[in-house]
2 protein chains.
Amino acid sequence: MAAKVPRKNNGRSRGATTIAQVAAEAGVSPATVSRVMNDRFVGEDKIAERVRETAVRLNYAPSYSARSLALGQTQAVAFVAPDLRNPAFQAILSGLSTTANEDGYRVLIGDSAESVSEEPLLAREIRRRCDALVLCAPRMPDHELVDLASTLHPMVLVNRSAAGAAPALTVDYRTGIESLLKHLYELGHRHIAYVGGPTHSMSDKYRRDGLQSFTAQNADLAVTEVPGGVASEDGFNAVDAVISTKATGVLAFNDLVAIGLLGGLQERNVRVPEEISVAGFDDIPFARYIAPPLTTASVPHEELGVQAWYRLRSLIEGKEPGHDMVFQPRVEIRASTAVRRPD
Amino acid sequence: MAAKVPRKNNGRSRGATTIAQVAAEAGVSPATVSRVMNDRFVGEDKIAERVRETAVRLNYAPSYSARSLALGQTQAVAFVAPDLRNPAFQAILSGLSTTANEDGYRVLIGDSAESVSEEPLLAREIRRRCDALVLCAPRMPDHELVDLASTLHPMVLVNRSAAGAAPALTVDYRTGIESLLKHLYELGHRHIAYVGGPTHSMSDKYRRDGLQSFTAQNADLAVTEVPGGVASEDGFNAVDAVISTKATGVLAFNDLVAIGLLGGLQERNVRVPEEISVAGFDDIPFARYIAPPLTTASVPHEELGVQAWYRLRSLIEGKEPGHDMVFQPRVEIRASTAVRRPD
DNA sequence: GACCTGCAAGAAAGCGCTTTCTCAGAGTCT
DNA sequence: AGACTCTGAGAAAGCGCTTTCTTGCAGGTC
């Protein structure tokens with residue numbers, strides 16, 4: 001009968017050099033190798049040197065999985081947003097990723113696509129794979145958001161707040177759109193169409209609040225809402241509805257929608273801004289290059305991502321995350337809006 | 001003296017329910033819980049039911065780290081690109097991410113930013129965190145690419161090939177730009193400027209090859225190269241150089257550069273396409289909306305991402321990755337190019 | 001020289017899973 | 001009834017690290 005030999009490598013061979021191999025080769029214990037690799041070694045320099053030399057010779061690199069298990073942390077964070085194809089979210093991601101990388105953290109992405117109902121599940125699932133989460137969930141119902149925020153710590157919210165359950169980085173859409181509306185008002189426009197965002201999304205609600213607030217103060221101003229969406233095609237599809245309102249100015253939910261709108265208007269030979277003024281929101285990088293350059297409210301998306309990381313990092317380190325921040329959009333006046341022409 | 005009690009939980013408490021707790025609570029062994037959770041259980045239904053019930057009651061979810069270590073795989077893949085702010089790469093990422101998600105894989109992102117030299121390190125580092133890698137590295141020297149490809153398996157290359165060392169999904173930039181050049185030629189342009197991409201990038205080299213090939217066949221055509229880059233500002237900065245070539249048509253390295261160029265041209269009151277025709281490359285979503293709508297060569301970036309996932313998946317499963325694919329750009333003629341006006 | 005101190009390095013436990021191995025007990029066959 | 005095969009479920013090893021605990025040994029003190 002065969003001698004009972006301890007099963008090694010669990011039957012599978014994974015190939016990569018392990019800490020044990022380095023230890024054996026260098027004639028030390030795995031503990032020593034670990035300490036050397038993590039700069040916690042306090043013994044003789046010769047030993048450390050030998051370990052280091054052996055490690056590079058054997059092409060050793062510690063296993064992330066093993067390390068994660070032992071340490072209880074993954075050195076990764078997640079970013080969940082409803083639509084990664086939107087340049088605004090990409091900018092946030094870019095800011096987050098770049099900054100997190102500097103601290104040795106990588107980011108995992110989660111695109112909740114269209115499905116609002118799947119969002120909490122996705123957030124939970126992806127959160128379990130890493131150490132923290134940045135969540136953009138404009139359409140998630142408040143109670144679910146609070147629920148998530150209280151269970152998924154550490155996490156930071158972008159564009160939403162959850163009653164203090166998690167640090168929040170928000171944008172003052174309300175004031176932003178109010179400024180845009182004021183801009184149009186000052187240009188003489190008295191009838192304005194608003195091509196809205198997704199129904200039930202908070203980012204849309206804030207905008208409506210802003211519009212309402214300004215309208216309430218100016219009796220001679222009328223704002224008509226037109227169903228829109230988040231993407232260029234939504235703007236494109238809203239063109240007829242916009243034209244039929246006879247409004248002389250249009251505010252779009254975001255730049256993407258505004259751009260689609262511009263495309264549709266042009267197709268129908270409606271001149272912008274001569275016949276109708278159009279403004280977007282976000283100031284995505286292309287807003288200034290389209291025809292005509294788009295008046296919009298600039299939001300510092302990259303900065304939002306950067307700040308999100310700083311807060312996450314504090315939270316991971318068990319420190320205070322710092323105060324919540326509310327970013328104020330800045331109106332960028334470009335050529336897509338102009339003084340209202342007499343009819 | 002205190003009785004020697006085995007140290008539990010390594011001193012730290014991580015809070016989450018473990019498989020052992022579920023097992024204890026359900027009165028079974030951890031092995032059984034594991035089997036039930038992974039649908040490998042073959043025993044009595046009552047037991048399975050009890051385990052499942054206990055698991056949801058205790059809010060149990062297996063630890064990804066532990067699972068990764070035991071299984072030797074992470075259910076994640078990485079995407080490394082030189083600039084995640086470029087819509088073209090974002091589209092690839094989007095296609096990759098969406099498709100991978102359907103198979104339960106998440107994607108980790110790596111932005112190699114400007115630094116070509118750091119790219120191999122980044123790729124290696126991030127690759128060790130997951131099961132496979134999609135690499136876009138237009139500027140990496142061939143030998144390094146081959147080196148990487150042979151050591152980082154499974155991986156797939158996008159926009160580059162490495163002598164069969166890894167599956168490659170490429171775009172026929174050469175033919176693409178040749179078609180664009182032909183388009184301008186047919187419009188009567190005989191002197192064309194090419195605002196190039198990053199020096200030493202393969203994607204730029206392919207384009208130059210295409211230009212040269214067409215130029216060689218048409219003696220009455222002159223193409224002047226102008227240094228450019230990858231971003232809109234590079235195009236913007238190239239404006240004076242372009243104007244001074246006196247070319248009547250311009251081909252830009254990509255849409256971003258073309259858009260910047262358009263912006264700069266407009267600022268100097270040079271009308272497009274009346275005075276000069278401009279074409280880009282990639283057909284990013286905004287290309288059709290800018291002013292004037294940009295003639296460009298359309299590349300199916302999302303599809304590239306989708307195909308990248310399919311190949312990665314095959315590789316992960318130990319299957320054949322399928323044939324390499326070369327995507328053919330399709331010329332999209334829009335308003336930024338027009339017949340050359342007599343001087 | 002016995003005793004204590006301090007320090008360098010190893011032994012081993014633990015992280016939370018998966019999976020092989022093992023072994024009762026039930027069922028089958030002659 | 002005894003031998004034999006299944007089969008269901010648990011024991012335990014293993015994944016590759018980190019870190020606590022332990023120990024051997026050199027140097028210092030009285």
# chains A, B, ... in the order shown; residues from 1 in each chain; ligands from 1
call {"tool": "interface_residues", "arguments": {"of": "chain C", "to": "chain A", "cutoff": "12 Å", "atoms": "only C-alpha atoms (C1' of nucleotides)", "output": "MDAnalysis selection string"}}
result
chainID C and resid 7:21
call {"tool": "write_last_selection", "arguments": {"atoms": "C-alpha atoms (C1' of nucleotides)", "output": "mmCIF file, in the first residue's frame"}}
result
data_model
loop_
_atom_site.group_PDB
_atom_site.id
_atom_site.type_symbol
_atom_site.label_atom_id
_atom_site.label_comp_id
_atom_site.auth_asym_id
_atom_site.auth_seq_id
_atom_site.Cartn_x
_atom_site.Cartn_y
_atom_site.Cartn_z
ATOM 1 C "C1'" DC C 7 16.152 40.221 20.325
ATOM 2 C "C1'" DA C 8 16.088 37.620 16.023
ATOM 3 C "C1'" DA C 9 13.755 34.170 13.688
ATOM 4 C "C1'" DG C 10 10.852 30.138 13.445
ATOM 5 C "C1'" DA C 11 6.385 27.333 14.555
ATOM 6 C "C1'" DA C 12 1.932 27.328 14.091
ATOM 7 C "C1'" DA C 13 -2.635 29.127 14.078
ATOM 8 C "C1'" DG C 14 -5.884 31.470 11.609
ATOM 9 C "C1'" DC C 15 -8.365 33.877 7.548
ATOM 10 C "C1'" DG C 16 -13.078 31.239 5.187
ATOM 11 C "C1'" DC C 17 -13.732 28.642 1.800
ATOM 12 C "C1'" DT C 18 -13.562 23.879 -1.425
ATOM 13 C "C1'" DT C 19 -12.792 19.167 -2.125
ATOM 14 C "C1'" DT C 20 -10.719 14.894 -1.328
ATOM 15 C "C1'" DC C 21 -10.790 11.295 1.606
#
call {"tool": "calpha_fit_and_write", "arguments": {"fixed": "chain B", "moving": "chain A", "output": "compact mmCIF listing (two decimals) with C-alpha atoms, in the first residue's frame"}}
result
# COMPACT_ATOMS: atom_id res chain seq x y z
CA MET A 1 -2.62 30.17 34.51
CA ALA A 2 -5.10 30.58 31.71
CA ALA A 3 -6.15 27.51 29.82
CA LYS A 4 -4.70 27.43 26.35
CA VAL A 5 -7.68 28.17 24.23
CA PRO A 6 -7.33 28.13 20.45
CA ARG A 7 -7.14 31.63 19.07
CA LYS A 8 -10.25 32.40 17.15
CA ASN A 9 -10.79 34.86 14.35
CA ASN A 10 -7.15 35.83 14.39
CA GLY A 11 -7.80 38.56 16.90
CA ARG A 12 -9.72 40.68 14.43
CA SER A 13 -13.42 40.47 14.10
CA ARG A 14 -14.66 40.81 10.58
CA GLY A 15 -18.28 40.59 11.42
CA ALA A 16 -19.62 38.79 8.40
CA THR A 17 -21.28 35.44 8.82
CA THR A 18 -19.04 32.53 7.93
CA ILE A 19 -19.80 29.18 6.51
CA ALA A 20 -18.91 27.63 9.86
CA GLN A 21 -21.56 29.63 11.64
CA VAL A 22 -24.18 28.62 9.16
CA ALA A 23 -23.07 25.02 9.49
CA ALA A 24 -23.27 25.12 13.27
CA GLU A 25 -26.63 26.82 13.25
CA ALA A 26 -28.05 24.37 10.76
CA GLY A 27 -26.49 21.42 12.52
CA VAL A 28 -24.47 20.24 9.53
CA SER A 29 -20.86 20.40 8.43
CA PRO A 30 -19.30 23.28 6.52
CA ALA A 31 -18.80 20.90 3.64
CA THR A 32 -22.52 20.42 3.38
CA VAL A 33 -23.18 24.13 3.46
CA SER A 34 -20.62 24.65 0.74
CA ARG A 35 -22.20 21.98 -1.38
CA VAL A 36 -25.66 23.36 -0.92
CA MET A 37 -24.56 26.87 -1.77
CA ASN A 38 -22.88 25.65 -4.93
CA ASP A 39 -25.65 23.32 -6.03
CA ARG A 40 -23.48 20.29 -5.61
CA PHE A 41 -25.51 18.80 -2.82
CA VAL A 42 -26.99 15.39 -3.47
CA GLY A 43 -28.47 14.41 -0.12
CA GLU A 44 -31.85 14.88 1.49
CA ASP A 45 -33.92 17.82 0.41
CA LYS A 46 -34.79 18.59 4.00
CA ILE A 47 -31.18 19.24 4.83
CA ALA A 48 -30.62 21.42 1.82
CA GLU A 49 -33.72 23.35 2.66
CA ARG A 50 -32.63 23.83 6.24
CA VAL A 51 -29.22 25.05 5.15
CA ARG A 52 -30.69 27.48 2.69
CA GLU A 53 -33.09 28.79 5.24
CA THR A 54 -30.34 29.21 7.79
CA ALA A 55 -28.15 30.96 5.27
CA VAL A 56 -30.71 33.59 4.47
CA ARG A 57 -31.65 33.95 8.10
CA LEU A 58 -28.06 34.61 9.08
CA ASN A 59 -27.62 36.76 6.01
CA TYR A 60 -24.78 34.58 4.85
CA ALA A 61 -22.78 35.28 1.74
CA PRO A 62 -19.54 33.48 0.99
CA SER A 63 -16.35 35.45 1.22
CA TYR A 64 -14.92 36.23 -2.16
CA SER A 65 -11.39 36.26 -0.86
CA ALA A 66 -11.67 32.84 0.69
CA ARG A 67 -13.39 31.49 -2.34
CA SER A 68 -10.77 32.93 -4.63
CA LEU A 69 -8.00 31.39 -2.61
CA ALA A 70 -9.60 27.99 -2.48
CA LEU A 71 -10.62 27.99 -6.11
CA GLY A 72 -7.62 29.73 -7.53
CA GLN A 73 -9.75 32.16 -9.46
CA THR A 74 -11.32 35.50 -8.78
CA GLN A 75 -14.21 35.89 -11.19
CA ALA A 76 -12.76 39.18 -12.28
CA VAL A 77 -10.80 40.38 -15.28
CA ALA A 78 -8.86 43.53 -15.91
CA PHE A 79 -9.00 46.16 -18.59
CA VAL A 80 -5.91 48.24 -19.14
CA ALA A 81 -5.89 51.17 -21.52
CA PRO A 82 -3.74 54.24 -21.97
CA ASP A 83 -6.49 56.75 -21.39
CA LEU A 84 -9.83 55.96 -19.94
CA ARG A 85 -11.06 59.43 -20.69
CA ASN A 86 -11.09 58.68 -24.37
CA PRO A 87 -14.62 57.72 -25.42
CA ALA A 88 -13.23 55.07 -27.71
CA PHE A 89 -11.68 53.17 -24.83
CA GLN A 90 -14.74 53.77 -22.73
CA ALA A 91 -16.84 52.12 -25.35
CA ILE A 92 -14.57 49.09 -25.39
CA LEU A 93 -14.75 48.98 -21.62
CA SER A 94 -18.48 49.28 -21.68
CA GLY A 95 -18.84 46.38 -24.09
CA LEU A 96 -16.43 44.29 -22.09
CA SER A 97 -17.96 45.06 -18.74
CA THR A 98 -21.55 44.51 -19.76
CA THR A 99 -20.83 41.19 -21.39
CA ALA A 100 -18.53 39.94 -18.66
CA ASN A 101 -21.14 40.84 -16.06
CA GLU A 102 -23.58 38.52 -17.73
CA ASP A 103 -21.23 35.69 -16.94
CA GLY A 104 -20.72 36.79 -13.38
CA TYR A 105 -17.37 38.42 -13.95
CA ARG A 106 -16.49 41.94 -12.87
CA VAL A 107 -13.92 44.16 -14.41
CA LEU A 108 -11.05 45.92 -12.79
CA ILE A 109 -9.71 48.96 -14.53
CA GLY A 110 -6.19 50.16 -15.05
CA ASP A 111 -5.41 53.49 -16.60
CA SER A 112 -1.82 53.61 -17.69
CA ALA A 113 -2.25 57.34 -18.19
CA GLU A 114 0.65 58.89 -19.98
CA SER A 115 3.39 56.61 -18.85
CA VAL A 116 4.42 54.06 -21.45
CA SER A 117 7.19 52.76 -19.26
CA GLU A 118 4.88 51.94 -16.38
CA GLU A 119 2.50 50.05 -18.60
CA PRO A 120 4.07 46.59 -18.35
CA LEU A 121 4.30 46.91 -14.57
CA LEU A 122 0.72 48.01 -14.31
CA ALA A 123 -0.40 45.18 -16.55
CA ARG A 124 1.49 42.63 -14.50
CA GLU A 125 0.29 43.98 -11.21
CA ILE A 126 -3.34 44.19 -12.16
CA ARG A 127 -3.24 40.86 -13.92
CA ARG A 128 -2.24 39.17 -10.70
CA ARG A 129 -5.39 40.42 -9.06
CA CYS A 130 -7.68 38.65 -11.44
CA ASP A 131 -8.15 35.83 -13.90
CA ALA A 132 -7.42 37.46 -17.21
CA LEU A 133 -6.56 40.68 -18.93
CA VAL A 134 -7.61 42.81 -21.83
CA LEU A 135 -4.78 45.04 -22.88
CA CYS A 136 -4.80 48.10 -25.09
CA ALA A 137 -1.25 49.28 -25.38
CA PRO A 138 -0.75 51.14 -28.61
CA ARG A 139 2.60 52.52 -27.64
CA MET A 140 4.22 49.52 -26.06
CA PRO A 141 7.34 48.29 -27.88
CA ASP A 142 6.79 45.02 -29.69
CA HIS A 143 9.22 42.95 -27.68
CA GLU A 144 7.66 44.01 -24.42
CA LEU A 145 4.24 43.23 -25.74
CA VAL A 146 5.28 39.75 -26.78
CA ASP A 147 6.96 39.29 -23.46
CA LEU A 148 3.81 40.28 -21.64
CA ALA A 149 1.60 38.21 -23.87
CA SER A 150 3.60 35.10 -23.20
CA THR A 151 3.61 35.55 -19.45
CA LEU A 152 0.21 37.02 -18.68
CA HIS A 153 -1.98 34.38 -20.22
CA PRO A 154 -4.99 34.42 -20.38
CA MET A 155 -5.11 37.75 -22.05
CA VAL A 156 -6.36 39.33 -25.21
CA LEU A 157 -4.92 42.22 -27.07
CA VAL A 158 -6.96 45.02 -28.49
CA ASN A 159 -5.61 47.11 -31.33
CA ARG A 160 -2.32 45.28 -31.35
CA SER A 161 -1.11 41.85 -32.15
CA ALA A 162 1.80 40.02 -30.68
CA ALA A 163 2.88 37.45 -33.19
CA GLY A 164 0.29 34.97 -32.05
CA ALA A 165 1.38 35.09 -28.44
CA ALA A 166 -2.13 36.16 -27.51
CA PRO A 167 -5.46 36.46 -29.30
CA ALA A 168 -5.78 39.84 -30.90
CA LEU A 169 -8.70 41.98 -31.88
CA THR A 170 -7.57 44.65 -34.21
CA VAL A 171 -8.83 47.44 -36.36
CA ASP A 172 -7.63 47.93 -39.86
CA TYR A 173 -6.49 51.50 -39.35
CA ARG A 174 -4.41 51.28 -42.47
CA THR A 175 -7.29 50.62 -44.79
CA GLY A 176 -9.54 52.87 -42.75
CA ILE A 177 -7.45 55.94 -43.17
CA GLU A 178 -6.74 55.04 -46.75
CA SER A 179 -10.47 55.14 -47.42
CA LEU A 180 -10.73 58.47 -45.71
CA LEU A 181 -7.87 59.81 -47.77
CA LYS A 182 -9.45 58.45 -50.89
CA HIS A 183 -12.66 60.19 -49.94
CA LEU A 184 -10.88 63.51 -49.71
CA TYR A 185 -9.03 62.82 -52.92
CA GLU A 186 -12.24 62.16 -54.72
CA LEU A 187 -13.57 65.44 -53.44
CA GLY A 188 -10.75 67.09 -55.30
CA HIS A 189 -8.29 67.65 -52.51
CA ARG A 190 -4.72 67.28 -53.57
CA HIS A 191 -2.90 68.61 -50.59
CA ILE A 192 -3.79 67.05 -47.29
CA ALA A 193 -2.47 67.45 -43.80
CA TYR A 194 -2.34 64.57 -41.35
CA VAL A 195 -2.41 65.53 -37.69
CA GLY A 196 -0.67 62.52 -36.22
CA GLY A 197 -1.03 60.62 -33.01
CA PRO A 198 1.57 59.81 -30.40
CA THR A 199 4.93 59.13 -31.94
CA HIS A 200 5.90 55.47 -31.75
CA SER A 201 2.34 54.35 -31.27
CA MET A 202 1.36 51.50 -33.51
CA SER A 203 -2.04 52.96 -34.14
CA ASP A 204 -0.30 55.99 -35.59
CA LYS A 205 2.08 53.88 -37.59
CA TYR A 206 -0.73 51.93 -39.25
CA ARG A 207 -2.35 55.18 -40.25
CA ARG A 208 0.86 56.51 -41.74
CA ASP A 209 1.25 53.30 -43.65
CA GLY A 210 -2.20 53.72 -45.09
CA LEU A 211 -1.53 57.29 -46.07
CA GLN A 212 1.73 56.39 -47.69
CA SER A 213 0.24 53.54 -49.61
CA PHE A 214 -2.43 55.73 -51.14
CA THR A 215 -0.07 58.59 -51.80
CA ALA A 216 2.31 56.29 -53.58
CA GLN A 217 -0.42 55.46 -56.05
CA ASN A 218 -1.41 59.02 -56.70
CA ALA A 219 1.40 61.19 -57.80
CA ASP A 220 -0.65 64.35 -57.75
CA LEU A 221 -1.43 63.99 -54.06
CA ALA A 222 0.67 65.43 -51.28
CA VAL A 223 0.26 64.57 -47.62
CA THR A 224 1.97 66.69 -45.01
CA GLU A 225 2.35 65.41 -41.50
CA VAL A 226 1.76 67.67 -38.55
CA PRO A 227 2.51 66.63 -34.97
CA GLY A 228 -0.64 66.05 -33.00
CA GLY A 229 -1.57 63.76 -30.15
CA VAL A 230 -4.55 61.91 -28.75
CA ALA A 231 -6.71 64.56 -27.14
CA SER A 232 -8.79 67.49 -28.24
CA GLU A 233 -6.28 69.98 -26.96
CA ASP A 234 -3.63 68.40 -29.15
CA GLY A 235 -5.83 69.08 -32.13
CA PHE A 236 -6.49 72.56 -30.92
CA ASN A 237 -2.79 73.23 -30.58
CA ALA A 238 -2.07 71.94 -34.05
CA VAL A 239 -4.28 74.48 -35.76
CA ASP A 240 -1.62 76.97 -36.75
CA ALA A 241 0.64 74.28 -38.07
CA VAL A 242 -2.23 72.92 -40.12
CA ILE A 243 -3.13 76.31 -41.53
CA SER A 244 0.44 76.99 -42.50
CA THR A 245 0.57 73.83 -44.60
CA LYS A 246 -2.05 75.41 -46.87
CA ALA A 247 -3.66 72.00 -47.14
CA THR A 248 -7.31 71.98 -48.20
CA GLY A 249 -8.13 68.84 -46.28
CA VAL A 250 -7.09 67.46 -42.91
CA LEU A 251 -7.10 63.97 -41.52
CA ALA A 252 -6.82 63.80 -37.76
CA PHE A 253 -5.44 60.92 -35.73
CA ASN A 254 -8.79 60.46 -34.07
CA ASP A 255 -12.09 62.21 -33.45
CA LEU A 256 -10.88 63.90 -30.32
CA VAL A 257 -8.05 65.55 -32.19
CA ALA A 258 -10.39 66.43 -35.04
CA ILE A 259 -12.82 68.05 -32.64
CA GLY A 260 -10.09 70.17 -31.08
CA LEU A 261 -8.98 71.11 -34.53
CA LEU A 262 -12.48 72.15 -35.47
CA GLY A 263 -12.66 74.30 -32.39
CA GLY A 264 -9.38 76.01 -33.19
CA LEU A 265 -10.28 76.52 -36.83
CA GLN A 266 -13.54 78.10 -35.89
CA GLU A 267 -11.75 80.39 -33.48
CA ARG A 268 -9.60 81.60 -36.35
CA ASN A 269 -12.62 82.02 -38.57
CA VAL A 270 -11.59 79.32 -40.97
CA ARG A 271 -14.79 77.78 -42.25
CA VAL A 272 -15.22 74.03 -42.35
CA PRO A 273 -15.82 72.51 -44.85
CA GLU A 274 -15.89 75.57 -47.12
CA GLU A 275 -12.28 76.49 -46.67
CA ILE A 276 -10.94 73.25 -45.34
CA SER A 277 -12.27 69.74 -44.98
CA VAL A 278 -11.69 67.84 -41.77
CA ALA A 279 -12.05 64.13 -40.96
CA GLY A 280 -11.52 62.21 -37.77
CA PHE A 281 -11.29 58.56 -36.85
CA ASP A 282 -13.28 56.35 -34.46
CA ASP A 283 -16.79 57.73 -34.79
CA ILE A 284 -17.23 58.44 -31.12
CA PRO A 285 -20.85 59.07 -30.19
CA PHE A 286 -20.50 62.82 -30.39
CA ALA A 287 -18.90 62.95 -33.79
CA ARG A 288 -22.24 63.27 -35.46
CA TYR A 289 -23.40 66.07 -33.21
CA ILE A 290 -20.52 68.45 -33.42
CA ALA A 291 -20.39 71.36 -35.79
CA PRO A 292 -20.14 70.51 -38.51
CA PRO A 293 -20.97 66.82 -38.09
CA LEU A 294 -17.70 65.03 -38.44
CA THR A 295 -16.73 62.81 -41.31
CA THR A 296 -14.91 59.91 -39.76
CA ALA A 297 -14.15 56.22 -39.95
CA SER A 298 -16.45 54.28 -37.70
CA VAL A 299 -14.95 51.61 -35.46
CA PRO A 300 -17.22 49.25 -33.50
CA HIS A 301 -15.61 49.78 -30.13
CA GLU A 302 -18.33 48.21 -28.07
CA GLU A 303 -18.17 45.16 -30.24
CA LEU A 304 -14.45 45.01 -29.72
CA GLY A 305 -15.10 44.86 -26.00
CA VAL A 306 -17.74 42.21 -26.40
CA GLN A 307 -15.52 40.03 -28.54
CA ALA A 308 -12.69 40.55 -26.12
CA TRP A 309 -14.82 39.05 -23.40
CA TYR A 310 -15.82 36.07 -25.50
CA ARG A 311 -12.20 35.29 -26.15
CA LEU A 312 -11.22 35.79 -22.58
CA ARG A 313 -13.99 33.51 -21.46
CA SER A 314 -12.89 30.76 -23.80
CA LEU A 315 -9.35 31.13 -22.61
CA ILE A 316 -10.40 31.00 -18.97
CA GLU A 317 -12.35 27.85 -19.67
CA GLY A 318 -9.32 26.39 -21.36
CA LYS A 319 -10.90 26.40 -24.75
CA GLU A 320 -9.75 27.76 -28.05
CA PRO A 321 -10.22 31.51 -28.15
CA GLY A 322 -11.53 31.64 -31.67
CA HIS A 323 -9.92 33.35 -34.59
CA ASP A 324 -8.36 36.73 -34.40
CA MET A 325 -10.53 39.40 -35.90
CA VAL A 326 -9.70 42.47 -37.88
CA PHE A 327 -12.47 45.02 -37.82
CA GLN A 328 -12.89 47.14 -40.88
CA PRO A 329 -13.67 50.77 -40.24
CA ARG A 330 -16.55 52.17 -42.20
CA VAL A 331 -16.28 55.67 -43.61
CA GLU A 332 -19.04 57.90 -42.34
CA ILE A 333 -19.38 60.86 -44.58
CA ARG A 334 -20.80 63.87 -42.84
CA ALA A 335 -20.67 67.60 -43.29
CA SER A 336 -17.10 68.31 -42.26
CA THR A 337 -15.75 67.29 -45.62
CA ALA A 338 -16.77 68.74 -48.98
CA VAL A 339 -15.70 69.25 -52.51
CA ARG A 340 -12.62 71.36 -52.77
CA ARG A 341 -13.50 74.90 -53.78
CA PRO A 342 -11.48 76.51 -56.51
CA ASP A 343 -8.97 78.86 -54.88
call {"tool": "interface_residues", "arguments": {"of": "chain D", "to": "chain A", "cutoff": "12 Å", "atoms": "only C-alpha atoms (C1' of nucleotides)", "output": "JSON, numbers by chain"}}
result
{"D": [12, 13, 14, 15, 16, 17, 18, 19, 20]}
call {"tool": "residues_around", "arguments": {"residues": "DC23 in chain C", "least_positions_apart": "6", "cutoff": "12 Å", "atoms": "only C-alpha atoms (C1' of nucleotides)", "output": "PyMOL selection string"}}
result
chain D and resi 7-11
call {"tool": "residues_around", "arguments": {"residues": "DC4 in chain D", "least_positions_apart": "3", "cutoff": "12 Å", "atoms": "only C-alpha atoms (C1' of nucleotides)", "output": "VMD selection string"}}
result
chain C and resid 27 to 30
call {"tool": "select_by_dssp", "arguments": {"residues": "range 133-176 of chain A", "states": "strand (DSSP E)", "output": "MDAnalysis selection string"}}
result
chainID A and resid 133:135 155:158 168:171
call {"tool": "write_last_selection", "arguments": {"atoms": "N, CA, C and O atoms", "output": "compact mmCIF listing (two decimals), in the first residue's frame"}}
result
# COMPACT_ATOMS: atom_id res chain seq x y z
N LEU A 133 -17.16 51.28 -1.38
CA LEU A 133 -18.01 51.49 -2.55
C LEU A 133 -18.35 52.96 -2.78
O LEU A 133 -18.64 53.69 -1.84
N VAL A 134 -18.31 53.33 -4.04
CA VAL A 134 -18.82 54.64 -4.42
C VAL A 134 -20.09 54.38 -5.22
O VAL A 134 -20.05 53.66 -6.23
N LEU A 135 -21.16 54.93 -4.76
CA LEU A 135 -22.43 54.65 -5.41
C LEU A 135 -23.11 55.89 -5.99
O LEU A 135 -23.32 56.87 -5.30
N MET A 155 -18.85 53.39 2.49
CA MET A 155 -19.25 53.77 1.15
C MET A 155 -19.51 55.25 1.10
O MET A 155 -19.75 55.88 2.13
N VAL A 156 -19.39 55.82 -0.10
CA VAL A 156 -19.77 57.22 -0.23
C VAL A 156 -20.73 57.35 -1.39
O VAL A 156 -20.67 56.62 -2.36
N LEU A 157 -21.63 58.28 -1.20
CA LEU A 157 -22.69 58.51 -2.16
C LEU A 157 -22.32 59.68 -3.05
O LEU A 157 -21.81 60.69 -2.57
N VAL A 158 -22.61 59.55 -4.32
CA VAL A 158 -22.38 60.66 -5.21
C VAL A 158 -23.72 61.07 -5.80
O VAL A 158 -24.47 60.22 -6.28
N ALA A 168 -21.76 62.03 1.69
CA ALA A 168 -22.35 62.31 0.39
C ALA A 168 -21.67 63.48 -0.29
O ALA A 168 -21.32 64.49 0.34
N LEU A 169 -21.47 63.31 -1.57
CA LEU A 169 -20.89 64.36 -2.40
C LEU A 169 -21.98 64.72 -3.40
O LEU A 169 -22.33 63.90 -4.25
N THR A 170 -22.50 65.89 -3.27
CA THR A 170 -23.61 66.20 -4.15
C THR A 170 -23.38 67.43 -4.99
O THR A 170 -22.41 68.18 -4.80
N VAL A 171 -24.28 67.61 -5.92
CA VAL A 171 -24.22 68.75 -6.81
C VAL A 171 -25.52 69.50 -6.61
O VAL A 171 -26.59 68.89 -6.50
call {"tool": "residues_around", "arguments": {"residues": "DC30 in chain D", "least_positions_apart": "6", "cutoff": "12 Å", "atoms": "only C-alpha atoms (C1' of nucleotides)", "output": "number ranges by chain"}}
result
C: 1-4
call {"tool": "select_by_dssp", "arguments": {"residues": "range 148-289 of chain B", "states": "helix (DSSP H, G or I)", "output": "VMD selection string"}}
result
chain B and resid 148 to 151 173 to 186 202 to 217 232 to 237 239 to 245 255 to 267
